[in-house]
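Dropping my_file-v4.pdb in here (PDB, C-alpha atoms):
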ATOM      1  CA  MET A1440     159.972  62.017 151.336
ATOM      2  CA  SER A1441     157.003  61.516 153.593
ATOM      3  CA  ASP A1442     155.009  64.054 155.549
ATOM      4  CA  ASP A1443     156.846  62.962 158.645
ATOM      5  CA  ALA A1444     160.151  64.000 157.126
ATOM      6  CA  THR A1445     158.887  67.487 156.392
ATOM      7  CA  VAL A1446     160.357  70.185 158.552
ATOM      8  CA  PHE A1447     157.983  72.558 160.222
ATOM      9  CA  PRO A1448     159.323  75.593 161.979
ATOM     10  CA  ASP A1449     159.251  75.729 165.728
ATOM     11  CA  ALA A1450     157.683  79.136 165.707
ATOM     12  CA  GLY A1451     157.639  79.417 169.455
ATOM     13  CA  PHE A1452     153.938  80.128 169.789
ATOM     14  CA  PRO A1453     152.091  78.644 172.720
ATOM     15  CA  ALA A1454     149.035  77.308 170.929
ATOM     16  CA  PHE A1455     150.555  74.930 168.400
ATOM     17  CA  ARG A1456     154.075  74.565 169.699
ATOM     18  CA  GLN A1457     155.657  71.460 168.298
ATOM     19  CA  PRO A1458     158.442  69.340 169.782
ATOM     20  CA  PRO A1459     161.822  70.077 168.199
ATOM     21  CA  ARG A1460     162.576  68.119 165.044
ATOM     22  CA  ALA A1461     165.696  67.497 163.005
ATOM     23  CA  ARG A1462     166.191  70.240 160.459
ATOM     24  CA  HIS A1463     166.828  69.625 156.799
ATOM     25  CA  PRO A1464     167.136  72.255 154.092
ATOM     26  CA  ALA A1465     163.868  72.656 152.252
ATOM     27  CA  PRO A1466     162.469  75.255 149.878
ATOM     28  CA  ALA A1467     159.794  77.546 151.249
ATOM     29  CA  SER A1468     157.136  75.930 149.110
ATOM     30  CA  VAL A1469     157.363  72.322 147.980
ATOM     31  CA  ALA A1470     154.774  70.151 146.269
ATOM     32  CA  LEU A1471     154.953  66.603 147.555
ATOM     33  CA  LYS A1472     152.873  63.506 147.303
ATOM     34  CA  SER A1473     150.277  63.692 150.014
ATOM     35  CA  VAL A1474     150.386  60.776 152.426
ATOM     36  CA  ARG A1475     147.044  60.433 154.111
ATOM     37  CA  PRO A1476     147.445  59.640 157.807
ATOM     38  CA  SER A1477     145.290  56.777 159.006
ATOM     39  CA  ALA A1478     142.449  57.245 161.458
ATOM     40  CA  GLN A1479     144.311  54.964 163.871
ATOM     41  CA  ASP A1480     147.388  57.221 163.678
ATOM     42  CA  ASP A1481     145.194  60.173 164.621
ATOM     43  CA  LEU A1482     143.278  58.551 167.461
ATOM     44  CA  GLU A1483     145.381  59.537 170.469
ATOM     45  CA  LEU A1484     145.805  63.082 169.203
ATOM     46  CA  VAL A1485     142.070  63.380 168.549
ATOM     47  CA  LEU A1486     141.297  62.326 172.097
ATOM     48  CA  ALA A1487     143.767  64.908 173.427
ATOM     49  CA  ALA A1488     142.400  67.620 171.107
ATOM     50  CA  ARG A1489     138.873  66.906 172.280
ATOM     51  CA  ARG A1490     140.065  67.490 175.823
ATOM     52  CA  GLY A1491     141.271  70.919 174.688
ATOM     53  CA  ASP A1492     144.949  70.222 173.997
ATOM     54  CA  PRO A1493     145.930  72.771 171.316
ATOM     55  CA  ALA A1494     149.310  71.132 170.623
ATOM     56  CA  ALA A1495     147.596  67.833 169.826
ATOM     57  CA  PHE A1496     145.159  69.661 167.573
ATOM     58  CA  GLY A1497     148.045  71.452 165.879
ATOM     59  CA  GLU A1498     149.835  68.173 165.232
ATOM     60  CA  LEU A1499     146.661  66.734 163.708
ATOM     61  CA  VAL A1500     146.228  69.745 161.462
ATOM     62  CA  GLN A1501     149.832  69.563 160.262
ATOM     63  CA  ARG A1502     149.424  65.896 159.386
ATOM     64  CA  HIS A1503     146.566  66.744 157.050
ATOM     65  CA  LEU A1504     147.783  70.089 155.706
ATOM     66  CA  PRO A1505     149.186  68.874 152.354
ATOM     67  CA  ARG A1506     145.842  67.348 151.416
ATOM     68  CA  LEU A1507     143.905  70.350 152.720
ATOM     69  CA  LEU A1508     146.097  72.817 150.841
ATOM     70  CA  ARG A1509     145.855  70.747 147.682
ATOM     71  CA  VAL A1510     142.070  70.769 147.647
ATOM     72  CA  ALA A1511     141.891  74.421 148.709
ATOM     73  CA  GLN A1512     144.394  75.589 146.108
ATOM     74  CA  SER A1513     142.696  73.575 143.394
ATOM     75  CA  MET A1514     139.283  74.916 144.399
ATOM     76  CA  LEU A1515     140.289  78.542 144.752
ATOM     77  CA  GLY A1516     143.039  78.719 142.167
ATOM     78  CA  ASP A1517     145.603  80.621 144.132
ATOM     79  CA  ARG A1518     147.872  79.966 147.026
ATOM     80  CA  THR A1519     146.917  82.953 149.152
ATOM     81  CA  GLY A1520     143.201  82.274 148.888
ATOM     82  CA  ALA A1521     143.816  78.642 149.734
ATOM     83  CA  GLU A1522     145.806  79.557 152.812
ATOM     84  CA  ASP A1523     143.075  81.930 153.985
ATOM     85  CA  ALA A1524     140.410  79.270 153.521
ATOM     86  CA  VAL A1525     142.444  76.577 155.261
ATOM     87  CA  GLN A1526     143.088  78.950 158.127
ATOM     88  CA  ASP A1527     139.369  79.696 158.441
ATOM     89  CA  GLY A1528     138.601  75.983 158.335
ATOM     90  CA  VAL A1529     141.198  75.166 160.962
ATOM     91  CA  ALA A1530     139.801  77.841 163.289
ATOM     92  CA  GLN A1531     136.280  76.433 162.794
ATOM     93  CA  ALA A1532     137.535  72.914 163.403
ATOM     94  CA  TRP A1533     139.143  73.950 166.682
ATOM     95  CA  ARG A1534     135.874  75.482 167.821
ATOM     96  CA  GLY A1535     134.054  72.266 166.939
ATOM     97  CA  VAL A1536     136.576  69.578 167.854
ATOM     98  CA  GLY A1537     135.008  69.131 171.287
ATOM     99  CA  GLN A1538     131.874  67.916 169.524
ATOM    100  CA  PHE A1539     133.757  65.623 167.136
ATOM    101  CA  ARG A1540     132.278  62.175 167.750
ATOM    102  CA  GLY A1541     134.351  60.098 165.372
ATOM    103  CA  ASP A1542     131.504  59.177 163.006
ATOM    104  CA  ALA A1543     134.031  59.851 160.226
ATOM    105  CA  ALA A1544     137.827  59.843 160.403
ATOM    106  CA  PHE A1545     139.273  63.093 161.754
ATOM    107  CA  GLY A1546     140.922  63.787 158.392
ATOM    108  CA  THR A1547     137.591  63.417 156.595
ATOM    109  CA  TRP A1548     135.865  65.662 159.114
ATOM    110  CA  LEU A1549     138.561  68.340 158.852
ATOM    111  CA  HIS A1550     138.575  68.039 155.065
ATOM    112  CA  ARG A1551     134.818  68.717 154.946
ATOM    113  CA  ILE A1552     135.160  71.803 157.121
ATOM    114  CA  VAL A1553     137.934  73.190 154.926
ATOM    115  CA  VAL A1554     135.998  72.431 151.730
ATOM    116  CA  ARG A1555     133.030  74.334 153.127
ATOM    117  CA  ALA A1556     135.312  77.234 154.018
ATOM    118  CA  CYS A1557     136.571  77.156 150.414
ATOM    119  CA  LEU A1558     133.008  77.147 149.093
ATOM    120  CA  HIS A1559     132.291  80.162 151.284
ATOM    121  CA  HIS A1560     135.323  81.964 149.831
ATOM    122  CA  LEU A1561     134.197  81.062 146.298
ATOM    123  CA  ARG A1562     130.735  82.486 146.917
ATOM    124  CA  ASP A1563     132.307  85.664 148.170
ATOM    125  CA  ARG A1564     134.391  86.360 145.123
ATOM    126  CA  ARG A1565     132.979  84.746 141.992
ATOM    127  CA  ALA A1566     130.283  86.004 139.671
ATOM    128  CA  PRO A1567     127.660  83.542 138.345
ATOM    129  CA  GLU A1568     129.233  81.305 135.762
ATOM    130  CA  VAL A1569     128.458  80.745 132.136
ATOM    131  CA  ILE A1570     128.238  77.021 131.451
ATOM    132  CA  GLU A1571     127.426  76.927 127.767
ATOM    133  CA  GLY A1572     130.933  75.641 127.120
ATOM    134  CA  LEU A1573     130.259  72.607 129.270
ATOM    135  CA  ALA A1574     127.028  71.809 127.487
ATOM    136  CA  GLU A1575     128.876  71.998 124.188
ATOM    137  CA  ALA A1576     131.645  69.731 125.485
ATOM    138  CA  GLU A1577     129.019  67.225 126.612
ATOM    139  CA  ARG A1578     127.282  67.275 123.209
ATOM    140  CA  ARG A1579     130.605  66.724 121.484
ATOM    141  CA  PHE A1580     131.470  63.887 123.863
ATOM    142  CA  LEU A1581     128.340  62.016 122.784
ATOM    143  CA  ASP A1582     129.148  62.436 119.079
ATOM    144  CA  PRO A1583     130.271  59.030 117.715
ATOM    145  CA  ASP A1584     132.968  60.713 115.635
ATOM    146  CA  TYR A1585     134.555  62.387 118.647
ATOM    147  CA  THR A1586     137.562  60.742 120.232
ATOM    148  CA  VAL A1587     140.940  61.716 121.682
ATOM    149  CA  ASP A1588     144.460  60.298 121.620
ATOM    150  CA  PRO A1589     145.079  58.770 125.077
ATOM    151  CA  ALA A1590     148.839  59.286 124.804
ATOM    152  CA  GLU A1591     148.316  62.983 124.234
ATOM    153  CA  VAL A1592     145.945  63.280 127.168
ATOM    154  CA  VAL A1593     148.431  61.445 129.395
ATOM    155  CA  ALA A1594     151.215  63.768 128.243
ATOM    156  CA  GLN A1595     149.214  66.706 129.613
ATOM    157  CA  ALA A1596     147.661  65.075 132.661
ATOM    158  CA  SER A1597     150.890  63.503 133.941
ATOM    159  CA  ASP A1598     152.335  66.991 134.458
ATOM    160  CA  ALA A1599     150.797  68.106 137.764
ATOM    161  CA  GLY A1600     151.144  71.763 136.839
ATOM    162  CA  LYS A1601     149.341  71.322 133.548
ATOM    163  CA  LEU A1602     146.674  69.193 135.189
ATOM    164  CA  ARG A1603     146.065  71.929 137.757
ATOM    165  CA  GLN A1604     145.873  74.512 134.972
ATOM    166  CA  ALA A1605     143.312  72.404 133.150
ATOM    167  CA  LEU A1606     141.274  72.022 136.344
ATOM    168  CA  GLU A1607     141.398  75.790 136.732
ATOM    169  CA  THR A1608     139.472  76.220 133.485
ATOM    170  CA  LEU A1609     136.421  74.416 134.874
ATOM    171  CA  PRO A1610     133.632  76.456 136.423
ATOM    172  CA  ASP A1611     133.775  76.291 140.220
ATOM    173  CA  VAL A1612     130.993  73.820 140.927
ATOM    174  CA  TYR A1613     132.319  71.325 138.383
ATOM    175  CA  ARG A1614     135.927  71.716 139.445
ATOM    176  CA  VAL A1615     134.951  71.203 143.081
ATOM    177  CA  ALA A1616     132.921  68.093 142.245
ATOM    178  CA  VAL A1617     135.793  66.522 140.278
ATOM    179  CA  LEU A1618     138.329  67.434 142.949
ATOM    180  CA  LEU A1619     136.339  65.951 145.775
ATOM    181  CA  HIS A1620     135.411  62.795 143.881
ATOM    182  CA  ASP A1621     138.456  62.034 141.757
ATOM    183  CA  VAL A1622     141.313  63.657 143.667
ATOM    184  CA  ASP A1623     140.197  63.271 147.267
ATOM    185  CA  GLY A1624     138.246  60.050 146.795
ATOM    186  CA  LEU A1625     134.864  61.076 148.194
ATOM    187  CA  THR A1626     131.853  59.078 147.049
ATOM    188  CA  GLY A1627     129.103  60.751 145.047
ATOM    189  CA  ALA A1628     126.951  60.839 148.179
ATOM    190  CA  GLU A1629     129.766  62.456 150.161
ATOM    191  CA  VAL A1630     130.276  65.070 147.449
ATOM    192  CA  ALA A1631     126.536  65.802 147.588
ATOM    193  CA  GLU A1632     126.586  66.074 151.374
ATOM    194  CA  THR A1633     129.721  68.228 151.476
ATOM    195  CA  THR A1634     128.567  70.664 148.811
ATOM    196  CA  GLY A1635     124.937  70.712 149.963
ATOM    197  CA  VAL A1636     123.281  69.542 146.749
ATOM    198  CA  PRO A1637     121.116  66.496 145.882
ATOM    199  CA  LEU A1638     122.954  63.331 144.846
ATOM    200  CA  GLY A1639     121.768  63.623 141.234
ATOM    201  CA  THR A1640     123.164  67.133 140.991
ATOM    202  CA  ALA A1641     126.496  66.067 142.463
ATOM    203  CA  LYS A1642     126.793  63.154 140.032
ATOM    204  CA  ALA A1643     125.895  65.374 137.080
ATOM    205  CA  ARG A1644     128.568  67.860 138.130
ATOM    206  CA  ILE A1645     131.186  65.110 138.425
ATOM    207  CA  ARG A1646     130.275  63.801 134.984
ATOM    208  CA  ARG A1647     130.238  67.189 133.271
ATOM    209  CA  GLY A1648     133.425  68.243 135.008
ATOM    210  CA  ARG A1649     135.213  65.098 133.858
ATOM    211  CA  ILE A1650     134.058  65.595 130.266
ATOM    212  CA  ALA A1651     135.158  69.228 130.267
ATOM    213  CA  LEU A1652     138.505  68.355 131.847
ATOM    214  CA  LEU A1653     139.139  65.660 129.242
ATOM    215  CA  ALA A1654     138.289  68.123 126.477
ATOM    216  CA  GLU A1655     140.604  70.709 128.005
ATOM    217  CA  LEU A1656     143.504  68.255 128.262
ATOM    218  CA  ALA A1657     142.964  67.159 124.650
ATOM    219  CA  ARG A1658     142.610  70.786 123.535
ATOM    220  CA  LYS A1659     145.828  71.827 125.239
ATOM    221  CA  GLN A1660     147.728  69.141 123.366
ATOM    222  CA  THR A1661     146.219  70.271 120.095
ATOM    223  CA  ALA A1662     147.172  73.883 120.797
ATOM    224  CA  SER A1663     150.687  72.837 121.753
ATOM    225  CA  GLU A1664     151.117  70.884 118.526
ATOM    226  CA  THR A1665     149.847  73.830 116.509
ATOM    227  CA  GLU A1666     152.358  76.070 118.213
ATOM    228  CA  GLN A1667     155.174  73.649 117.396
ATOM    229  CA  ARG A1668     154.133  73.526 113.761
ATOM    230  CA  THR A1669     154.103  77.295 113.440
ATOM    231  CA  GLY A1670     157.431  77.340 115.276
ATOM    232  CA  ARG A1671     156.742  80.235 117.631
ATOM    233  CA  PRO A1672     154.538  81.273 120.509
ATOM    234  CA  CYS A1673     152.472  84.373 119.933
TER     235      CYS A1673
ATOM    236  CA  MET B 518     121.726  41.160 124.979
ATOM    237  CA  LEU B 519     121.234  44.920 125.097
ATOM    238  CA  THR B 520     122.952  46.720 122.205
ATOM    239  CA  LEU B 521     124.108  50.292 122.703
ATOM    240  CA  THR B 522     124.952  53.099 120.303
ATOM    241  CA  CYS B 523     128.051  55.210 120.904
ATOM    242  CA  ALA B 524     125.974  57.995 122.421
ATOM    243  CA  GLU B 525     124.197  55.573 124.745
ATOM    244  CA  ALA B 526     127.433  53.882 125.775
ATOM    245  CA  ARG B 527     129.148  57.220 126.354
ATOM    246  CA  SER B 528     126.269  58.490 128.447
ATOM    247  CA  LEU B 529     126.833  55.478 130.709
ATOM    248  CA  ILE B 530     130.614  55.365 130.603
ATOM    249  CA  PHE B 531     131.331  57.166 133.865
ATOM    250  CA  ASP B 532     128.857  55.053 135.820
ATOM    251  CA  PHE B 533     130.479  52.040 134.144
ATOM    252  CA  LEU B 534     133.973  53.097 135.175
ATOM    253  CA  ASP B 535     132.770  53.889 138.707
ATOM    254  CA  GLY B 536     131.212  50.418 138.968
ATOM    255  CA  GLU B 537     127.722  51.794 139.431
ATOM    256  CA  LEU B 538     125.892  49.954 136.629
ATOM    257  CA  ASP B 539     123.850  46.802 137.025
ATOM    258  CA  PRO B 540     125.609  43.748 135.555
ATOM    259  CA  ALA B 541     123.503  43.544 132.377
ATOM    260  CA  THR B 542     124.048  47.207 131.502
ATOM    261  CA  ALA B 543     127.729  46.952 132.344
ATOM    262  CA  ARG B 544     128.037  43.985 129.984
ATOM    263  CA  ALA B 545     126.350  46.003 127.243
ATOM    264  CA  VAL B 546     128.794  48.878 127.697
ATOM    265  CA  GLU B 547     131.691  46.428 127.689
ATOM    266  CA  GLN B 548     130.411  44.809 124.512
ATOM    267  CA  HIS B 549     130.059  48.188 122.802
ATOM    268  CA  LYS B 550     133.571  49.123 123.889
ATOM    269  CA  ASN B 551     134.940  45.931 122.373
ATOM    270  CA  SER B 552     133.249  46.463 119.034
ATOM    271  CA  CYS B 553     133.615  50.234 118.528
ATOM    272  CA  ARG B 554     136.468  52.099 116.858
ATOM    273  CA  ASN B 555     136.231  55.515 118.535
ATOM    274  CA  CYS B 556     135.087  54.666 122.053
ATOM    275  CA  PRO B 557     138.044  52.565 123.324
ATOM    276  CA  PRO B 558     140.624  55.373 123.013
ATOM    277  CA  LEU B 559     138.201  57.696 124.755
ATOM    278  CA  VAL B 560     137.818  55.226 127.626
ATOM    279  CA  THR B 561     141.583  54.740 127.840
ATOM    280  CA  ALA B 562     142.071  58.507 127.979
ATOM    281  CA  ILE B 563     139.436  58.868 130.702
ATOM    282  CA  LEU B 564     141.033  56.118 132.775
ATOM    283  CA  ALA B 565     144.450  57.740 132.413
ATOM    284  CA  MET B 566     143.045  61.146 133.361
ATOM    285  CA  LEU B 567     141.362  59.713 136.459
ATOM    286  CA  ALA B 568     144.580  57.930 137.438
ATOM    287  CA  GLU B 569     146.536  61.177 137.166
ATOM    288  CA  LEU B 570     143.914  63.013 139.235
ATOM    289  CA  ARG B 571     144.320  60.407 141.977
ATOM    290  CA  ARG B 572     148.085  60.990 141.858
ATOM    291  CA  LEU B 573     147.865  64.764 142.070
ATOM    292  CA  PRO B 574     150.409  65.644 144.757
ATOM    293  CA  GLY B 575     149.611  67.391 147.996
ATOM    294  CA  VAL B 576     150.813  70.938 148.572
ATOM    295  CA  MET B 577     153.245  71.445 151.398
ATOM    296  CA  PRO B 578     152.710  74.551 153.547
ATOM    297  CA  ARG B 579     155.018  77.510 153.152
ATOM    298  CA  GLU B 580     156.951  77.994 156.340
ATOM    299  CA  ASP B 581     155.969  81.627 156.834
ATOM    300  CA  TRP B 582     152.283  80.797 156.463
ATOM    301  CA  LEU B 583     152.603  77.754 158.696
ATOM    302  CA  ALA B 584     154.162  79.940 161.356
ATOM    303  CA  ARG B 585     151.136  82.243 161.173
ATOM    304  CA  LEU B 586     148.777  79.286 161.328
ATOM    305  CA  ILE B 587     150.614  77.946 164.343
ATOM    306  CA  ALA B 588     150.143  81.317 165.973
ATOM    307  CA  LEU B 589     146.351  81.256 165.616
ATOM    308  CA  PRO B 590     144.831  82.397 168.900
ATOM    309  CA  LEU B 591     142.928  79.225 169.699
ATOM    310  CA  ASP B 592     142.496  79.624 173.418
ATOM    311  CA  PRO B 593     139.359  81.850 173.342
ATOM    312  CA  HIS B 594     137.552  78.985 171.618
ATOM    313  CA  SER B 595     138.636  76.074 173.727
ATOM    314  CA  PRO B 596     136.648  73.001 172.681
ATOM    315  CA  ARG B 597     135.864  72.074 176.246
TER     316      ARG B 597
END

Could you take the file, read its structure, and then write that structure out as structure tokens?
Amino acid sequence: MSDDATVFPDAGFPAFRQPPRARHPAPASVALKSVRPSAQDDLELVLAARRGDPAAFGELVQRHLPRLLRVAQSMLGDRTGAEDAVQDGVAQAWRGVGQFRGDAAFGTWLHRIVVRACLHHLRDRRAPEVIEGLAEAERRFLDPDYTVDPAEVVAQASDAGKLRQALETLPDVYRVAVLLHDVDGLTGAEVAETTGVPLGTAKARIRRGRIALLAELARKQTASETEQRTGRPC
Amino acid sequence: MLTLTCAEARSLIFDFLDGELDPATARAVEQHKNSCRNCPPLVTAILAMLAELRRLPGVMPREDWLARLIALPLDPHSPR
């Protein structure tokens, strides 16, 4: 099922009103593979949105929503917070779309705005983080005796729900760095630019986040095996 | 040929996997990987983890939220 096959409600509102589409039964919330629209696909709609066409802007936003919600939910950890942040980002994007010059693809531009909205939400709600656990994970990673069973890591990581849970355990700045780099495909320089830190800091966060995520995935497997051996959850 | 310890190779492994090392250093990491017992499974696990991250599915909007988003009052901030 592609994004194009997804049914969006014709809510009847003037700003984003969409042309009628065929209806198919669908659950209220469905996780699907995100299909990233190409910049060429977006071009005509971008030109219309820049001229102030809200329906064209709405169509553009809907094309990119699965990716935006994925990064927002992974950054903020909950659906409601993600929706609030995406909504803030979309409102900011509308205010700025007239100045969008096409230096990056529209999807990349919108993604950056939403990520910054998410970072703003994170700053609002999170206390400073303790990162001793990450330093310990990094020390262990460099120990020649340390290794993991790839099959066990795959067993955890191939379950999207478990992978999201493992990402959730990372402190915000590391989770955001890994998400932007390894999930959304930004370069190290783009991660640095988007999060407003020097390149070296961004790369260090990606590296530490990856190490901590690997440790978490390996740890979860170990815990699961222990539970099976004891034969009962606590 | 540069010879690396496990700790040295592991400190370079992410730059290696991201293709950001110079050729000589990359060859040294590769050589270590081929001769070490504990590092290859670690590298395999990292590669698998990164592949699964790339496959992480998008999140489709809930219809009630999408309806609210569609209703955002955009007109006061027309981009023109």

When you count all atoms listed in the file, which of these residues is closest to chain A: B:Val546, B:Leu519, B:Ala524, B:Leu534? B:Ala524

Chain B contacts to chain A at 8 Å (all atoms listed in the file) as a count of residues only: 43

Work out how far CA of Leu564 in chain B is from CA of Glu547 in chain B, in Å to one decimal.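 Computing it gives 14.4 Å between the two atoms.
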
Residue by residue, what does the PyMOL selection byres ((chain A and resi 1615) around 9) grab here? Present the result as a PDB file with C-alpha atoms, keeping the file's coordinate frame.
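Saved result, expr.pdb, follows:
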ATOM      1  CA  VAL A1510     142.070  70.769 147.647  1.00  0.00           C
ATOM      2  CA  SER A1513     142.696  73.575 143.394  1.00  0.00           C
ATOM      3  CA  MET A1514     139.283  74.916 144.399  1.00  0.00           C
ATOM      4  CA  VAL A1554     135.998  72.431 151.730  1.00  0.00           C
ATOM      5  CA  LEU A1558     133.008  77.147 149.093  1.00  0.00           C
ATOM      6  CA  LEU A1609     136.421  74.416 134.874  1.00  0.00           C
ATOM      7  CA  PRO A1610     133.632  76.456 136.423  1.00  0.00           C
ATOM      8  CA  ASP A1611     133.775  76.291 140.220  1.00  0.00           C
ATOM      9  CA  VAL A1612     130.993  73.820 140.927  1.00  0.00           C
ATOM     10  CA  TYR A1613     132.319  71.325 138.383  1.00  0.00           C
ATOM     11  CA  ARG A1614     135.927  71.716 139.445  1.00  0.00           C
ATOM     12  CA  ALA A1616     132.921  68.093 142.245  1.00  0.00           C
ATOM     13  CA  VAL A1617     135.793  66.522 140.278  1.00  0.00           C
ATOM     14  CA  LEU A1618     138.329  67.434 142.949  1.00  0.00           C
ATOM     15  CA  LEU A1619     136.339  65.951 145.775  1.00  0.00           C
ATOM     16  CA  HIS A1620     135.411  62.795 143.881  1.00  0.00           C
ATOM     17  CA  VAL A1630     130.276  65.070 147.449  1.00  0.00           C
ATOM     18  CA  THR A1634     128.567  70.664 148.811  1.00  0.00           C
ATOM     19  CA  ARG A1644     128.568  67.860 138.130  1.00  0.00           C
ATOM     20  CA  ILE A1645     131.186  65.110 138.425  1.00  0.00           C
ATOM     21  CA  GLY A1648     133.425  68.243 135.008  1.00  0.00           C
TER      22      GLY A1648
END

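One distance worth recording is that between CA of Arg1658 in chain A and CA of Glu1607 in chain A, which is 14.2 Å.
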
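Going from CA of Arg1540 in chain A to CA of Leu1482 in chain A covers 11.6 Å.
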
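Note on the selection: in this file the PyMOL selection byres ((chain B and resi 545) around 9) comes out as B:Met518, B:Leu519, B:Thr520, B:Leu521, B:Ala526, B:Pro540, B:Ala541, B:Thr542, B:Ala543, B:Arg544, B:Val546, B:Glu547, B:Gln548, B:His549, B:Lys550.
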
For range 521-537 of chain B, take all atoms listed in the file, fit an axis-aligned box around them, add 6 Å to each of the six sides, then output centre and edge lengths in Å rounded to one decimal, as lines of an AutoDock Vina configuration file.
center_x = 129.0
center_y = 54.4
center_z = 129.9
size_x = 21.9
size_y = 20.2
size_z = 31.1

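When you apply the PyMOL selection byres ((chain A and resi 1633) around 9) to this structure, what comes back is Arg1551, Ile1552, Val1554, Arg1555, Ala1628, Glu1629, Val1630, Ala1631, Glu1632, Thr1634, Gly1635 and Val1636 of chain A.
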